[in-house]
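Q: Compact mmCIF, C-alpha atoms, file upload-v9.txt:
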```txt
# COMPACT_ATOMS: atom_id res chain seq x y z
CA MET A 1 -18.55 -5.41 -11.21
CA ARG A 2 -19.37 -8.79 -9.70
CA THR A 3 -20.64 -8.36 -6.15
CA LYS A 4 -18.48 -8.53 -3.06
CA ALA A 5 -20.48 -11.54 -1.86
CA GLU A 6 -19.71 -13.52 -5.01
CA PHE A 7 -15.96 -13.07 -4.71
CA ASP A 8 -16.11 -13.60 -0.94
CA ASN A 9 -17.66 -16.98 -1.73
CA TYR A 10 -15.02 -17.75 -4.37
CA ALA A 11 -12.08 -16.84 -2.12
CA SER A 12 -11.65 -20.17 -0.33
CA ASP A 13 -11.28 -22.10 -3.60
CA TYR A 14 -10.48 -19.37 -6.11
CA GLU A 15 -7.57 -21.20 -7.74
CA GLY A 16 -9.59 -24.41 -7.88
CA MET A 17 -12.43 -22.64 -9.66
CA LEU A 18 -9.98 -21.33 -12.25
CA ARG A 19 -8.81 -24.82 -13.12
CA ASP A 20 -9.38 -25.87 -16.70
CA PRO A 21 -7.66 -28.68 -18.65
CA MET A 22 -6.68 -26.30 -21.47
CA ARG A 23 -5.52 -23.55 -19.12
CA ASP A 24 -3.57 -25.94 -16.90
CA GLY A 25 -2.05 -27.72 -19.90
CA PHE A 26 -0.39 -24.47 -20.92
CA VAL A 27 1.78 -24.36 -17.81
CA GLU A 28 3.66 -26.55 -15.36
CA ASN A 29 3.14 -24.13 -12.47
CA ARG A 30 0.08 -21.86 -12.35
CA GLU A 31 2.28 -19.15 -10.84
CA PHE A 32 3.54 -18.72 -14.41
CA TYR A 33 0.56 -16.52 -15.26
CA HIS A 34 1.46 -14.05 -12.49
CA ARG A 35 5.17 -14.26 -13.27
CA ARG A 36 4.57 -13.65 -16.97
CA LYS A 37 2.53 -10.52 -16.26
CA TRP A 38 5.20 -9.21 -13.90
CA LEU A 39 7.95 -9.75 -16.46
CA LEU A 40 5.93 -7.97 -19.14
CA ILE A 41 5.33 -4.98 -16.83
CA LEU A 42 8.96 -4.87 -15.70
CA ASN A 43 10.29 -5.02 -19.27
CA PHE A 44 7.93 -2.28 -20.42
CA LEU A 45 8.97 0.09 -17.63
CA ARG A 46 12.65 -0.64 -18.17
CA ASN A 47 12.36 -0.15 -21.93
CA HIS A 48 10.83 3.27 -21.25
CA LYS A 49 13.66 4.05 -18.82
CA ILE A 50 11.27 4.47 -15.91
CA ASP A 51 13.02 4.15 -12.55
CA ILE A 52 10.66 2.22 -10.29
CA SER A 53 12.85 2.01 -7.19
CA LYS A 54 11.00 4.84 -5.42
CA MET A 55 7.68 4.59 -7.22
CA GLU A 56 4.37 3.76 -5.53
CA TRP A 57 2.24 1.11 -7.25
CA LEU A 58 -1.51 0.54 -6.86
CA ASP A 59 -3.07 -2.71 -8.09
CA VAL A 60 -6.83 -2.27 -8.57
CA GLY A 61 -8.76 -5.47 -7.96
CA CYS A 62 -5.65 -7.00 -6.43
CA GLY A 63 -7.27 -10.23 -5.22
CA LYS A 64 -4.73 -12.22 -3.21
CA CYS A 65 -1.90 -9.82 -4.19
CA GLU A 66 0.09 -12.39 -6.17
CA LEU A 67 1.24 -9.82 -8.73
CA LEU A 68 2.17 -7.24 -6.09
CA GLY A 69 4.22 -9.94 -4.42
CA TYR A 70 6.50 -10.09 -7.46
CA GLY A 71 6.97 -6.33 -7.57
CA ARG A 72 7.22 -5.62 -3.88
CA ALA A 73 11.03 -5.71 -3.71
CA HIS A 74 11.40 -3.50 -6.80
CA PHE A 75 9.04 -0.62 -5.96
CA GLY A 76 9.23 1.90 -3.15
CA ARG A 77 5.70 0.94 -2.05
CA VAL A 78 3.02 -1.42 -3.29
CA VAL A 79 -0.67 -1.16 -2.38
CA GLY A 80 -3.76 -3.08 -3.43
CA CYS A 81 -7.51 -2.50 -3.30
CA ASP A 82 -10.32 -4.96 -3.87
CA PRO A 83 -14.09 -5.13 -3.24
CA SER A 84 -13.81 -8.53 -1.53
CA ARG A 85 -12.65 -8.75 2.08
CA GLU A 86 -12.16 -12.51 1.80
CA MET A 87 -10.03 -12.28 -1.33
CA VAL A 88 -7.51 -9.98 0.35
CA ARG A 89 -7.44 -11.85 3.64
CA ASN A 90 -4.23 -13.63 2.57
CA ALA A 91 -2.45 -10.49 1.36
CA GLY A 92 0.20 -10.98 4.04
CA LYS A 93 2.25 -7.85 4.73
CA ILE A 94 1.08 -6.04 1.60
CA GLU A 95 -1.08 -2.99 2.30
CA VAL A 96 -4.63 -3.47 1.03
CA ARG A 97 -7.76 -1.33 1.25
CA LEU A 98 -11.33 -2.39 0.63
CA GLN A 99 -13.03 -0.85 -2.38
CA ASP A 100 -16.62 -0.12 -1.36
CA ALA A 101 -17.88 0.89 -4.82
CA PRO A 102 -16.81 -0.47 -8.22
CA ALA A 103 -15.97 2.95 -9.65
CA VAL A 104 -14.51 4.62 -6.55
CA LEU A 105 -10.92 4.09 -5.41
CA PRO A 106 -10.27 4.71 -1.69
CA PHE A 107 -7.24 6.98 -2.14
CA PRO A 108 -6.60 10.74 -2.42
CA ASP A 109 -5.78 12.46 -5.71
CA GLY A 110 -2.26 11.90 -7.02
CA SER A 111 -1.31 9.09 -4.66
CA PHE A 112 0.52 6.75 -7.06
CA ASP A 113 3.10 6.68 -9.84
CA PHE A 114 1.89 3.41 -11.35
CA ALA A 115 -1.47 1.63 -11.40
CA THR A 116 -2.60 -1.72 -12.74
CA ALA A 117 -5.95 -3.42 -13.29
CA VAL A 118 -5.37 -7.05 -14.16
CA CYS A 119 -8.31 -9.05 -15.52
CA VAL A 120 -10.64 -6.67 -13.70
CA TYR A 121 -12.51 -4.78 -16.41
CA HIS A 122 -14.30 -7.80 -17.86
CA HIS A 123 -16.06 -8.08 -14.47
CA VAL A 124 -16.97 -4.36 -14.43
CA GLU A 125 -20.36 -3.26 -15.73
CA GLU A 126 -20.18 -1.20 -18.93
CA LEU A 127 -21.51 1.92 -17.19
CA ASP A 128 -18.77 1.73 -14.55
CA ARG A 129 -15.78 1.19 -16.86
CA LEU A 130 -15.14 4.79 -17.82
CA PRO A 131 -15.75 6.10 -14.27
CA LEU A 132 -13.29 3.50 -12.96
CA THR A 133 -10.69 4.61 -15.51
CA GLN A 134 -11.30 8.22 -14.50
CA GLU A 135 -10.63 7.19 -10.90
CA VAL A 136 -7.36 5.58 -11.95
CA GLN A 137 -6.44 8.84 -13.70
CA ARG A 138 -7.35 10.78 -10.55
CA VAL A 139 -5.14 8.77 -8.18
CA LEU A 140 -2.15 8.86 -10.55
CA ARG A 141 0.49 11.55 -10.20
CA PRO A 142 1.49 13.62 -13.26
CA ASN A 143 3.30 11.34 -15.75
CA GLY A 144 2.01 8.32 -13.85
CA THR A 145 1.50 5.12 -15.84
CA PHE A 146 -1.57 2.87 -16.06
CA CYS A 147 -1.48 -0.75 -17.24
CA MET A 148 -4.70 -2.61 -18.01
CA ILE A 149 -4.29 -6.35 -18.64
CA GLU A 150 -7.23 -8.26 -20.09
CA HIS A 151 -8.20 -11.47 -21.83
CA ASN A 152 -7.97 -11.14 -25.60
CA PRO A 153 -11.39 -11.79 -27.20
CA PHE A 154 -9.69 -12.41 -30.58
CA ASN A 155 -8.06 -15.56 -29.17
CA PRO A 156 -10.49 -18.49 -29.57
CA VAL A 157 -8.87 -20.57 -26.81
CA THR A 158 -9.21 -17.69 -24.38
CA ARG A 159 -12.87 -17.23 -25.28
CA PHE A 160 -13.52 -20.96 -24.82
CA ILE A 161 -11.84 -21.10 -21.40
CA VAL A 162 -13.68 -17.98 -20.20
CA SER A 163 -17.00 -19.34 -21.46
CA ARG A 164 -16.86 -22.32 -19.12
CA SER A 165 -15.30 -20.70 -16.06
CA PRO A 166 -17.74 -20.29 -13.14
CA ILE A 167 -15.90 -17.14 -12.08
CA ASP A 168 -16.39 -15.59 -15.53
CA VAL A 169 -20.03 -16.55 -16.02
CA ASP A 170 -21.05 -12.87 -16.42
CA ALA A 171 -17.80 -11.66 -17.97
CA HIS A 172 -17.83 -9.33 -20.97
CA LEU A 173 -14.45 -9.32 -22.69
CA LEU A 174 -13.14 -6.08 -24.17
CA THR A 175 -10.71 -5.53 -27.01
CA ALA A 176 -7.47 -3.58 -26.70
CA HIS A 177 -9.05 -0.88 -28.87
CA THR A 178 -11.85 -0.52 -26.31
CA ALA A 179 -9.33 -0.38 -23.46
CA GLN A 180 -7.51 2.42 -25.27
CA ARG A 181 -10.78 4.26 -25.82
CA TYR A 182 -11.57 4.23 -22.09
CA SER A 183 -8.09 5.49 -21.30
CA ARG A 184 -8.25 8.36 -23.78
CA ALA A 185 -11.74 9.33 -22.59
CA ALA A 186 -10.38 9.48 -19.03
CA GLY A 187 -7.62 11.87 -20.08
CA LEU A 188 -4.76 9.39 -20.37
CA ARG A 189 -2.34 9.20 -23.31
CA THR A 190 -1.98 5.68 -24.68
CA MET A 191 1.61 4.43 -24.84
CA GLY A 192 1.15 1.08 -26.55
CA THR A 193 -0.33 -2.40 -26.37
CA GLU A 194 1.44 -5.73 -26.13
CA TYR A 195 -0.17 -9.12 -26.70
CA PHE A 196 1.27 -12.10 -24.83
CA LEU A 197 0.67 -15.69 -23.71
CA TYR A 198 1.36 -17.13 -27.14
CA LEU A 199 3.80 -19.74 -25.85
CA PRO A 200 3.29 -22.33 -23.10
CA GLU A 201 5.54 -22.05 -20.06
CA LYS A 202 8.21 -24.51 -21.27
CA LEU A 203 8.69 -22.77 -24.61
CA TYR A 204 8.51 -19.28 -23.17
CA ASP A 205 11.24 -20.01 -20.63
CA LYS A 206 13.48 -21.30 -23.44
CA ALA A 207 12.83 -18.44 -25.86
CA PRO A 208 11.22 -15.42 -24.17
CA ARG A 209 12.44 -13.04 -26.88
CA PHE A 210 10.52 -14.98 -29.53
CA GLU A 211 7.21 -14.21 -27.84
CA GLY A 212 8.29 -10.58 -27.65
CA LEU A 213 8.53 -10.53 -31.44
CA LEU A 214 4.85 -11.52 -31.62
CA GLY A 215 3.69 -8.81 -29.21
CA LYS A 216 2.01 -6.64 -31.85
CA LEU A 217 -0.04 -9.47 -33.33
CA PRO A 218 -3.54 -9.41 -31.75
CA LEU A 219 -3.66 -13.16 -31.21
CA GLY A 220 -2.08 -13.75 -27.79
CA GLY A 221 -4.18 -15.07 -24.93
CA GLN A 222 -4.06 -11.70 -23.16
CA TYR A 223 -2.94 -8.15 -23.82
CA ALA A 224 -1.46 -5.30 -21.78
CA MET A 225 -2.46 -1.74 -22.61
CA PHE A 226 -0.27 1.06 -21.22
CA ALA A 227 -1.26 4.72 -20.86
CA ARG A 228 0.20 7.78 -19.17
CA LYS A 229 -1.30 10.72 -17.32
```
Just dump the structure as structure tokens.

A:
Amino acid sequence: MRTKAEFDNYASDYEGMLRDPMRDGFVENREFYHRRKWLLILNFLRNHKIDISKMEWLDVGCGKCELLGYGRAHFGRVVGCDPSREMVRNAGKIEVRLQDAPAVLPFPDGSFDFATAVCVYHHVEELDRLPLTQEVQRVLRPNGTFCMIEHNPFNPVTRFIVSRSPIDVDAHLLTAHTAQRYSRAAGLRTMGTEYFLYLPEKLYDKAPRFEGLLGKLPLGGQYAMFARK
């Protein structure tokens, strides 16, 4: 995983460092990327008839807690953890704990019903990816759900944007198949994968169901892999 110091240095201008003409041209408001992920997660849980009103959600590598901010009113409790103290400084009223080691989560066994890791694994060293997934499995309760969201290496635009991002200089993208393999090796049962970010913000807001029809095609800008304990 990239060092704490690196992300501490990025924190003051993190959004600025993510700026890219192609990435920004896809949206009118950069909040769309967080909103789109939240809608995907919410739809998946609803489609599986999972009642989230009393569930406890952990976001691993939560950064500035933008995603947790969308889910806060829907879950019983939301919690984040991140290796960078500076990144979580603006978490507001959301509970956040520092993660001292890349493959160790600072929570007891069976603490959460739902866990996410959003664009985290491509910053995690290969040797730490399975141990991190095993930690996610450990902190989940029985029947708890894990969602890993990652950049899709089969999308050429995604690869191009990542290749010139200073934040992703050492990133190693992983396929959905690899994400599933880590989950199964950690003792989780895969539930499905959905590809998304096919449509720019304007078109998605007009026809969100159309993008849903494309969710099984491995060409979207990102994917979400779901697994259950």

Q: Name all residues at most 12 Å from segment 126-136 of chain A (count only C-alpha atoms; drop same-chain ones fewer than 3 positions away) and give them as an MDAnalysis selection string.

A: chainID A and resid 1:2 57:61 81 99 101:117 120:123 139:141 144:148 170:174 178:188 227:229

Q: Distance atom CA of His151 of chain A-atom CA of Gln222 of chain A, one decimal place?

A: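 Rounded to one decimal, the two atoms are 4.4 Å apart.
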
Q: Rank nothing, just name the residue among A:Glu125, A:Arg35, A:Leu98, A:Ser53 nearest to Leu68 of chain A, using only C-alpha atoms.

A: A:Arg35

Q: Kindly give the distance, in Å, that separates atom CA of Arg46 of chain A and atom CA of Val79 of chain A, rounded to a single decimal.

A: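 Computing it gives 20.7 Å between the two atoms.
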
Q: Counting all atoms listed in the file, give me one row per residue of segment 73-192 of chain A with an atom at most 12 Å from an atom of segment 197-206 of chain A, showing the shortest contact pair and its distance in Å to one decimal, sorted by chain then residue number, as CSV.

A:
```
residue,atom,partner,partner_atom,distance
A:Ile149,CA,A:Leu197,CA,11.7
A:Glu150,CA,A:Leu197,CA,11.4
A:His151,CA,A:Leu197,CA,10.0
A:Asn152,CA,A:Leu197,CA,9.9
A:Asn155,CA,A:Tyr198,CA,9.8
A:Val157,CA,A:Tyr198,CA,10.8
A:Thr158,CA,A:Leu197,CA,10.1
```

Q: Would you compute the distance between atom CA of His34 of chain A and atom CA of Lys54 of chain A? Give it in Å to one decimal.

A: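 The value is 22.3 Å.
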
Q: So that I can see what lies close to Ala176 of chain A, please list as a ChimeraX atom specification the residues with an atom at most 8 Å from it, counting all atoms listed in the file and leaving out residues fewer than 5 positions away in the same chain.

A: /A:152,193,223-225

Q: Go through A:Pro218, A:Leu213, A:Ala207, A:Pro83 one by one, measure the shortest atom-to-atom distance of each to Pro153 of chain A using all atoms listed in the file, and give the residue with the smallest value.

A: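 Closest candidate: A:Pro218.
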
Q: Please return segment 107-141 of chain A, rebuilt to N, CA and C atoms, as a JSON list (two decimals), in the coordinates of the input.

A:
```
[["chain", "number", "residue", "atom", "x", "y", "z"],
["A", 107, "PHE", "N", -8.53, 6.30, -2.28],
["A", 107, "PHE", "CA", -7.24, 6.98, -2.14],
["A", 107, "PHE", "C", -7.39, 8.43, -2.57],
["A", 108, "PRO", "N", -6.57, 9.33, -2.01],
["A", 108, "PRO", "CA", -6.60, 10.74, -2.42],
["A", 108, "PRO", "C", -6.06, 10.93, -3.83],
["A", 109, "ASP", "N", -6.31, 12.10, -4.40],
["A", 109, "ASP", "CA", -5.78, 12.46, -5.71],
["A", 109, "ASP", "C", -4.24, 12.35, -5.71],
["A", 110, "GLY", "N", -3.70, 11.90, -6.83],
["A", 110, "GLY", "CA", -2.26, 11.90, -7.02],
["A", 110, "GLY", "C", -1.48, 11.08, -6.01],
["A", 111, "SER", "N", -1.97, 9.91, -5.68],
["A", 111, "SER", "CA", -1.31, 9.09, -4.66],
["A", 111, "SER", "C", -0.26, 8.13, -5.22],
["A", 112, "PHE", "N", -0.31, 7.82, -6.53],
["A", 112, "PHE", "CA", 0.52, 6.75, -7.06],
["A", 112, "PHE", "C", 1.21, 7.15, -8.37],
["A", 113, "ASP", "N", 2.34, 6.49, -8.60],
["A", 113, "ASP", "CA", 3.10, 6.68, -9.84],
["A", 113, "ASP", "C", 2.73, 5.64, -10.89],
["A", 114, "PHE", "N", 2.19, 4.52, -10.46],
["A", 114, "PHE", "CA", 1.89, 3.41, -11.35],
["A", 114, "PHE", "C", 0.64, 2.72, -10.85],
["A", 115, "ALA", "N", -0.24, 2.33, -11.77],
["A", 115, "ALA", "CA", -1.47, 1.63, -11.40],
["A", 115, "ALA", "C", -1.73, 0.51, -12.39],
["A", 116, "THR", "N", -2.23, -0.59, -11.89],
["A", 116, "THR", "CA", -2.60, -1.72, -12.74],
["A", 116, "THR", "C", -4.03, -2.16, -12.44],
["A", 117, "ALA", "N", -4.66, -2.74, -13.45],
["A", 117, "ALA", "CA", -5.95, -3.42, -13.29],
["A", 117, "ALA", "C", -5.85, -4.68, -14.13],
["A", 118, "VAL", "N", -5.69, -5.80, -13.47],
["A", 118, "VAL", "CA", -5.37, -7.05, -14.16],
["A", 118, "VAL", "C", -6.58, -7.97, -14.17],
["A", 119, "CYS", "N", -7.13, -8.20, -15.35],
["A", 119, "CYS", "CA", -8.31, -9.05, -15.52],
["A", 119, "CYS", "C", -9.44, -8.60, -14.59],
["A", 120, "VAL", "N", -9.61, -7.30, -14.53],
["A", 120, "VAL", "CA", -10.64, -6.67, -13.70],
["A", 120, "VAL", "C", -11.80, -6.17, -14.55],
["A", 121, "TYR", "N", -11.49, -5.50, -15.65],
["A", 121, "TYR", "CA", -12.51, -4.78, -16.41],
["A", 121, "TYR", "C", -13.57, -5.69, -17.00],
["A", 122, "HIS", "N", -13.25, -6.95, -17.29],
["A", 122, "HIS", "CA", -14.30, -7.80, -17.86],
["A", 122, "HIS", "C", -15.34, -8.20, -16.81],
["A", 123, "HIS", "N", -15.06, -7.89, -15.53],
["A", 123, "HIS", "CA", -16.06, -8.08, -14.47],
["A", 123, "HIS", "C", -16.79, -6.78, -14.14],
["A", 124, "VAL", "N", -16.38, -5.67, -14.73],
["A", 124, "VAL", "CA", -16.97, -4.36, -14.43],
["A", 124, "VAL", "C", -18.10, -4.07, -15.40],
["A", 125, "GLU", "N", -19.23, -3.62, -14.87],
["A", 125, "GLU", "CA", -20.36, -3.26, -15.73],
["A", 125, "GLU", "C", -19.95, -2.15, -16.70],
["A", 126, "GLU", "N", -20.52, -2.17, -17.88],
["A", 126, "GLU", "CA", -20.18, -1.20, -18.93],
["A", 126, "GLU", "C", -20.28, 0.24, -18.41],
["A", 127, "LEU", "N", -21.31, 0.56, -17.66],
["A", 127, "LEU", "CA", -21.51, 1.92, -17.19],
["A", 127, "LEU", "C", -20.45, 2.36, -16.19],
["A", 128, "ASP", "N", -19.78, 1.40, -15.56],
["A", 128, "ASP", "CA", -18.77, 1.73, -14.55],
["A", 128, "ASP", "C", -17.35, 1.75, -15.10],
["A", 129, "ARG", "N", -17.15, 1.32, -16.34],
["A", 129, "ARG", "CA", -15.78, 1.19, -16.86],
["A", 129, "ARG", "C", -15.09, 2.54, -17.05],
["A", 130, "LEU", "N", -15.76, 3.48, -17.66],
["A", 130, "LEU", "CA", -15.14, 4.79, -17.82],
["A", 130, "LEU", "C", -14.96, 5.48, -16.47],
["A", 131, "PRO", "N", -15.97, 5.50, -15.59],
["A", 131, "PRO", "CA", -15.75, 6.10, -14.27],
["A", 131, "PRO", "C", -14.59, 5.47, -13.51],
["A", 132, "LEU", "N", -14.42, 4.15, -13.62],
["A", 132, "LEU", "CA", -13.29, 3.50, -12.96],
["A", 132, "LEU", "C", -11.97, 3.99, -13.55],
["A", 133, "THR", "N", -11.92, 4.12, -14.86],
["A", 133, "THR", "CA", -10.69, 4.61, -15.51],
["A", 133, "THR", "C", -10.42, 6.05, -15.11],
["A", 134, "GLN", "N", -11.46, 6.84, -14.96],
["A", 134, "GLN", "CA", -11.30, 8.22, -14.50],
["A", 134, "GLN", "C", -10.76, 8.25, -13.07],
["A", 135, "GLU", "N", -11.17, 7.29, -12.25],
["A", 135, "GLU", "CA", -10.63, 7.19, -10.90],
["A", 135, "GLU", "C", -9.15, 6.81, -10.92],
["A", 136, "VAL", "N", -8.77, 5.92, -11.81],
["A", 136, "VAL", "CA", -7.36, 5.58, -11.95],
["A", 136, "VAL", "C", -6.57, 6.83, -12.32],
["A", 137, "GLN", "N", -7.11, 7.60, -13.29],
["A", 137, "GLN", "CA", -6.44, 8.84, -13.70],
["A", 137, "GLN", "C", -6.33, 9.81, -12.52],
["A", 138, "ARG", "N", -7.34, 9.86, -11.70],
["A", 138, "ARG", "CA", -7.35, 10.78, -10.55],
["A", 138, "ARG", "C", -6.27, 10.44, -9.53],
["A", 139, "VAL", "N", -6.09, 9.15, -9.24],
["A", 139, "VAL", "CA", -5.14, 8.77, -8.18],
["A", 139, "VAL", "C", -3.70, 8.70, -8.69],
["A", 140, "LEU", "N", -3.51, 8.83, -10.01],
["A", 140, "LEU", "CA", -2.15, 8.86, -10.55],
["A", 140, "LEU", "C", -1.55, 10.25, -10.41],
["A", 141, "ARG", "N", -0.25, 10.30, -10.19],
["A", 141, "ARG", "CA", 0.49, 11.55, -10.20],
["A", 141, "ARG", "C", 0.75, 11.96, -11.66]]
```
